[in-house]
Amino acid sequence: MGGLAEPIVDHETEGLDMVRPKRGNRIGLKRWPRRWVRRGITVAVVLALLPVVLTFLYLPPFVHPVSTLMLKDLATFSGYDRRWVPIDDVAPALANSVIMSEDGQFCFHRGIDLGELRGVVDDALAGEMTRGASTITMQTVKNLYLWSRPLGSVRKVVELPLAVYVDMVMSKRRIMEIYLNIAEWGPGIYGIEAAAQHHFGVSAKRLSRRQAALLAVTLPNPIARNPAKPGPGLRRLAALIERRAGRSGAYVGCLR
């Protein structure tokens with residue numbers, strides 16, 4: 001009766017102290033989200049700087065860049081046909097036709113055709129169907145560094161400043177040379193030399209004016225359009241581009 005009372009033990013709460021996280025652990029858990037944010041920012045900065053660095057590496061004529069689509073074909077073991085050719089070994093009618101078909105102001109704008117871009121914005125604000133406003137420089141940037149689908153609108157936000165930057169760093173002639181050598185002209189067919197050989201059995205230097213025009217009007221949809229077997233609509237469009245290329249004059253002066 002006179003001994004010390006036994007301590008009261010609550011068996012329902014016994015052991016909770018053993019599983020309660022320590023203060024140090026709680027702080028560590030809080031730091032995890034910050035760590036991932038920092039890593040995400042680092043990755044984003046590296047990806048943003050990569051095209052800036054690569055553009056300088058692509059300046060020398062002996063460097064032959066590949067497109068993201070070509071890399072995808074390699075990664076999926078699809079393979080592709082591309083034979084790099086200097087712009088001096090491409091029929092002038094081909095480059096002239098591409099400019100008159102794809103980007104008539106190529107020699108005059110600074111990577112972006114502001115007039116066309118304003119027209120697209122006005123059409124969008126008016127609720128009308130928008131037309132394409134991609135310049136050859138923008139298409140070169142997309143083919144070299146970016147993706148086609150999905151998230152096309154996000155891509156455009158990146159594509160516009162990159163096009164301005166590339167136009168500042170590269171000559172128009174070098175931009176055109178790269179574009180003609182990485183553009184897709186059919187499933188697994190990249191570059192004008194492979195396209196000329198595949199569709200017409202001639203080198204890019206020996207393309208006729210009509211063949212050049214047919215290849216140029218194929219570019220917007222090279223999977224569905226076949227320059228070697230054009231329908232009536234494609235033939236009419238090629239005839240129009242052939243006439244325009246024949247009198248392009250100052251519109252193609254930056255390639256001379």
# chains A, B, ... in the order shown; residues from 1 in each chain; ligands from 1
>>> closest_atom_pairs(of="range 157-190 of chain A", to="range 98-105 of chain A", cutoff="12 Å", atoms="only C-alpha atoms", output="CSV")
residue,atom,partner,partner_atom,distance
A:Lys172,CA,A:Ile99,CA,11.5
A:Arg173,CA,A:Ile99,CA,11.9
A:Met176,CA,A:Ile99,CA,9.2
A:Glu177,CA,A:Val98,CA,11.7
A:Tyr179,CA,A:Val98,CA,10.2
A:Leu180,CA,A:Val98,CA,8.9
A:Ala183,CA,A:Val98,CA,11.1
>>> atom_distance(atom1="CA of His64 in chain A", atom2="CA of Ile182 in chain A")
9.2 Å
>>> closest_residue(among="A:His198, A:Arg210, A:Lys156, A:Arg174", to="Arg83 in chain A", atoms="only C-alpha atoms")
A:His198
>>> residues_around(residues="Arg236 in chain A", least_positions_apart="6", cutoff="12 Å", atoms="only C-alpha atoms", output="ChimeraX atom specification")
/A:210,213-214,217,230,242-243
>>> write_last_selection(atoms="N, CA, C and O atoms", output="mmCIF file, in the first residue's frame")
data_model
loop_
_atom_site.group_PDB
_atom_site.id
_atom_site.type_symbol
_atom_site.label_atom_id
_atom_site.label_comp_id
_atom_site.auth_asym_id
_atom_site.auth_seq_id
_atom_site.Cartn_x
_atom_site.Cartn_y
_atom_site.Cartn_z
ATOM 1 N N ARG A 210 10.391 23.372 -114.673
ATOM 2 C CA ARG A 210 9.118 22.759 -114.284
ATOM 3 C C ARG A 210 9.313 21.780 -113.128
ATOM 4 O O ARG A 210 8.521 21.747 -112.193
ATOM 5 N N ALA A 213 9.736 23.778 -109.963
ATOM 6 C CA ALA A 213 8.461 24.330 -109.499
ATOM 7 C C ALA A 213 7.602 23.249 -108.848
ATOM 8 O O ALA A 213 6.952 23.487 -107.820
ATOM 9 N N LEU A 214 7.595 22.067 -109.430
ATOM 10 C CA LEU A 214 6.817 20.964 -108.856
ATOM 11 C C LEU A 214 7.348 20.577 -107.477
ATOM 12 O O LEU A 214 6.572 20.323 -106.552
ATOM 13 N N VAL A 217 6.259 23.384 -104.858
ATOM 14 C CA VAL A 217 4.859 23.389 -104.410
ATOM 15 C C VAL A 217 4.517 22.122 -103.630
ATOM 16 O O VAL A 217 3.425 22.027 -103.054
ATOM 17 N N PRO A 230 1.971 14.609 -110.314
ATOM 18 C CA PRO A 230 1.088 15.694 -109.868
ATOM 19 C C PRO A 230 -0.315 15.596 -110.471
ATOM 20 O O PRO A 230 -0.480 15.181 -111.624
ATOM 21 N N GLU A 242 6.378 28.559 -111.595
ATOM 22 C CA GLU A 242 7.421 28.589 -112.625
ATOM 23 C C GLU A 242 7.475 29.963 -113.293
ATOM 24 O O GLU A 242 8.564 30.506 -113.531
ATOM 25 N N ARG A 243 6.313 30.542 -113.582
ATOM 26 C CA ARG A 243 6.280 31.882 -114.194
ATOM 27 C C ARG A 243 6.832 32.930 -113.239
ATOM 28 O O ARG A 243 7.607 33.803 -113.626
#
>>> closest_residue(among="A:Leu255, A:Ala245, A:Val157, A:Val66", to="Leu54 in chain A", atoms="only C-alpha atoms")
A:Val66
>>> atom_distance(atom1="CA of Ile136 in chain A", atom2="CA of Phe77 in chain A")
28.5 Å
>>> closest_residue(among="A:Val90, A:Val85, A:Val158, A:Ala238", to="Leu49 in chain A", atoms="only C-alpha atoms")
A:Val158
>>> closest_residue(among="A:Leu234, A:Glu184, A:Leu160, A:Leu94", to="Ala212 in chain A", atoms="only C-alpha atoms")
A:Leu94
>>> residues_around(residues="Lys229 in chain A", least_positions_apart="3", cutoff="9 Å", atoms="only C-alpha atoms", output="list in words")
His199, Arg225 and Asn226 of chain A
>>> write_last_selection(atoms="C-alpha atoms", output="mmCIF file, in the first residue's frame")
data_model
loop_
_atom_site.group_PDB
_atom_site.id
_atom_site.type_symbol
_atom_site.label_atom_id
_atom_site.label_comp_id
_atom_site.auth_asym_id
_atom_site.auth_seq_id
_atom_site.Cartn_x
_atom_site.Cartn_y
_atom_site.Cartn_z
ATOM 1 C CA HIS A 199 11.361 11.861 -107.943
ATOM 2 C CA ARG A 225 1.887 15.561 -102.663
ATOM 3 C CA ASN A 226 4.032 13.729 -105.184
#
>>> closest_residue(among="A:Val52, A:Val166, A:Ile175, A:Leu57", to="Cys254 in chain A", atoms="only C-alpha atoms")
A:Ile175
>>> residues_around(residues="Lys72 in chain A", least_positions_apart="2", cutoff="12 Å", atoms="only C-alpha atoms", output="list of chain:residue names")
A:Val66, A:Ser67, A:Thr68, A:Leu69, A:Met70, A:Leu74, A:Ala75, A:Thr76, A:Phe77, A:Ser78, A:Gly79, A:Tyr80, A:Asn143, A:Leu144, A:Leu146, A:Trp147, A:Ser148, A:Gly188
>>> write_last_selection(atoms="N, CA, C and O atoms", output="PDB file, in the first residue's frame")
ATOM      1  N   VAL A  66      21.502  18.224 -89.380  1.00  0.00           N
ATOM      2  CA  VAL A  66      20.364  17.332 -89.603  1.00  0.00           C
ATOM      3  C   VAL A  66      19.154  17.920 -88.885  1.00  0.00           C
ATOM      4  O   VAL A  66      19.281  18.735 -87.978  1.00  0.00           O
ATOM      5  N   SER A  67      17.983  17.512 -89.320  1.00  0.00           N
ATOM      6  CA  SER A  67      16.750  18.026 -88.727  1.00  0.00           C
ATOM      7  C   SER A  67      16.278  17.132 -87.584  1.00  0.00           C
ATOM      8  O   SER A  67      16.744  15.998 -87.424  1.00  0.00           O
ATOM      9  N   THR A  68      15.330  17.648 -86.811  1.00  0.00           N
ATOM     10  CA  THR A  68      14.767  16.842 -85.726  1.00  0.00           C
ATOM     11  C   THR A  68      13.986  15.647 -86.282  1.00  0.00           C
ATOM     12  O   THR A  68      13.947  14.588 -85.651  1.00  0.00           O
ATOM     13  N   LEU A  69      13.389  15.801 -87.466  1.00  0.00           N
ATOM     14  CA  LEU A  69      12.679  14.672 -88.083  1.00  0.00           C
ATOM     15  C   LEU A  69      13.661  13.580 -88.499  1.00  0.00           C
ATOM     16  O   LEU A  69      13.369  12.386 -88.367  1.00  0.00           O
ATOM     17  N   MET A  70      14.810  13.981 -88.981  1.00  0.00           N
ATOM     18  CA  MET A  70      15.824  12.999 -89.338  1.00  0.00           C
ATOM     19  C   MET A  70      16.320  12.254 -88.099  1.00  0.00           C
ATOM     20  O   MET A  70      16.531  11.031 -88.140  1.00  0.00           O
ATOM     21  N   LEU A  74      16.069   8.237 -87.213  1.00  0.00           N
ATOM     22  CA  LEU A  74      17.186   7.430 -86.733  1.00  0.00           C
ATOM     23  C   LEU A  74      16.831   6.719 -85.435  1.00  0.00           C
ATOM     24  O   LEU A  74      17.137   5.540 -85.247  1.00  0.00           O
ATOM     25  N   ALA A  75      16.170   7.455 -84.527  1.00  0.00           N
ATOM     26  CA  ALA A  75      15.825   6.890 -83.223  1.00  0.00           C
ATOM     27  C   ALA A  75      14.828   5.744 -83.350  1.00  0.00           C
ATOM     28  O   ALA A  75      14.836   4.816 -82.535  1.00  0.00           O
ATOM     29  N   THR A  76      13.963   5.805 -84.357  1.00  0.00           N
ATOM     30  CA  THR A  76      12.947   4.760 -84.547  1.00  0.00           C
ATOM     31  C   THR A  76      13.388   3.712 -85.571  1.00  0.00           C
ATOM     32  O   THR A  76      12.583   2.880 -85.980  1.00  0.00           O
ATOM     33  N   PHE A  77      14.668   3.791 -85.991  1.00  0.00           N
ATOM     34  CA  PHE A  77      15.239   2.840 -86.944  1.00  0.00           C
ATOM     35  C   PHE A  77      14.494   2.838 -88.277  1.00  0.00           C
ATOM     36  O   PHE A  77      14.453   1.827 -88.974  1.00  0.00           O
ATOM     37  N   SER A  78      13.892   3.999 -88.616  1.00  0.00           N
ATOM     38  CA  SER A  78      13.185   4.099 -89.894  1.00  0.00           C
ATOM     39  C   SER A  78      14.155   4.347 -91.043  1.00  0.00           C
ATOM     40  O   SER A  78      13.917   3.924 -92.172  1.00  0.00           O
ATOM     41  N   GLY A  79      15.231   5.065 -90.744  1.00  0.00           N
ATOM     42  CA  GLY A  79      16.197   5.387 -91.786  1.00  0.00           C
ATOM     43  C   GLY A  79      15.696   6.504 -92.683  1.00  0.00           C
ATOM     44  O   GLY A  79      14.498   6.830 -92.689  1.00  0.00           O
ATOM     45  N   TYR A  80      16.610   7.099 -93.428  1.00  0.00           N
ATOM     46  CA  TYR A  80      16.218   8.165 -94.351  1.00  0.00           C
ATOM     47  C   TYR A  80      17.276   8.305 -95.427  1.00  0.00           C
ATOM     48  O   TYR A  80      18.388   7.781 -95.322  1.00  0.00           O
ATOM     49  N   ASN A 143      12.709  23.021 -88.361  1.00  0.00           N
ATOM     50  CA  ASN A 143      13.302  21.746 -88.782  1.00  0.00           C
ATOM     51  C   ASN A 143      14.582  21.420 -88.014  1.00  0.00           C
ATOM     52  O   ASN A 143      14.856  20.251 -87.714  1.00  0.00           O
ATOM     53  N   LEU A 144      15.355  22.449 -87.684  1.00  0.00           N
ATOM     54  CA  LEU A 144      16.626  22.219 -87.007  1.00  0.00           C
ATOM     55  C   LEU A 144      16.477  21.942 -85.520  1.00  0.00           C
ATOM     56  O   LEU A 144      17.149  21.060 -84.975  1.00  0.00           O
ATOM     57  N   LEU A 146      13.184  22.379 -83.424  1.00  0.00           N
ATOM     58  CA  LEU A 146      11.890  22.255 -82.744  1.00  0.00           C
ATOM     59  C   LEU A 146      11.123  21.040 -83.227  1.00  0.00           C
ATOM     60  O   LEU A 146      11.665  20.149 -83.868  1.00  0.00           O
ATOM     61  N   TRP A 147       9.855  21.015 -82.908  1.00  0.00           N
ATOM     62  CA  TRP A 147       8.999  19.883 -83.204  1.00  0.00           C
ATOM     63  C   TRP A 147       7.829  20.369 -84.063  1.00  0.00           C
ATOM     64  O   TRP A 147       7.554  21.555 -84.156  1.00  0.00           O
ATOM     65  N   SER A 148       7.126  19.451 -84.686  1.00  0.00           N
ATOM     66  CA  SER A 148       6.003  19.821 -85.540  1.00  0.00           C
ATOM     67  C   SER A 148       4.686  19.765 -84.786  1.00  0.00           C
ATOM     68  O   SER A 148       3.932  20.722 -84.744  1.00  0.00           O
ATOM     69  N   GLY A 188      10.821   9.850 -95.588  1.00  0.00           N
ATOM     70  CA  GLY A 188      12.214   9.446 -95.523  1.00  0.00           C
ATOM     71  C   GLY A 188      13.111  10.097 -96.558  1.00  0.00           C
ATOM     72  O   GLY A 188      14.274   9.713 -96.697  1.00  0.00           O
TER      73      GLY A 188
END
>>> residues_around(residues="Ala163 in chain A", least_positions_apart="3", cutoff="8 Å", atoms="only C-alpha atoms", output="ChimeraX atom specification")
/A:111-112,137-138,141,159-160,166-167
>>> write_last_selection(atoms="N, CA and C atoms", output="short mmCIF file (atom, residue, chain, number, x, y, z; two decimals), in the first residue's frame")
data_model
loop_
_atom_site.label_atom_id
_atom_site.label_comp_id
_atom_site.auth_asym_id
_atom_site.auth_seq_id
_atom_site.Cartn_x
_atom_site.Cartn_y
_atom_site.Cartn_z
N GLY A 111 13.83 37.54 -90.76
CA GLY A 111 13.46 36.26 -90.16
C GLY A 111 11.96 36.08 -90.02
N ILE A 112 11.25 37.20 -89.83
CA ILE A 112 9.80 37.18 -89.69
C ILE A 112 9.21 38.17 -90.68
N THR A 137 13.03 31.10 -93.03
CA THR A 137 13.87 31.10 -91.82
C THR A 137 13.16 30.40 -90.67
N MET A 138 11.88 30.67 -90.49
CA MET A 138 11.11 30.02 -89.43
C MET A 138 11.03 28.52 -89.66
N VAL A 141 14.36 27.00 -88.73
CA VAL A 141 14.47 26.90 -87.27
C VAL A 141 13.66 25.72 -86.75
N GLU A 159 9.67 29.70 -81.77
CA GLU A 159 10.15 29.78 -83.14
C GLU A 159 10.41 31.23 -83.58
N LEU A 160 9.56 32.16 -83.19
CA LEU A 160 9.68 33.54 -83.65
C LEU A 160 11.00 34.20 -83.23
N VAL A 166 18.53 33.67 -85.78
CA VAL A 166 19.24 32.97 -86.86
C VAL A 166 19.46 33.91 -88.04
N ASP A 167 18.48 34.74 -88.35
CA ASP A 167 18.63 35.68 -89.45
C ASP A 167 19.73 36.71 -89.17
#
>>> atom_distance(atom1="CA of Asn221 in chain A", atom2="CA of Arg110 in chain A")
25.2 Å
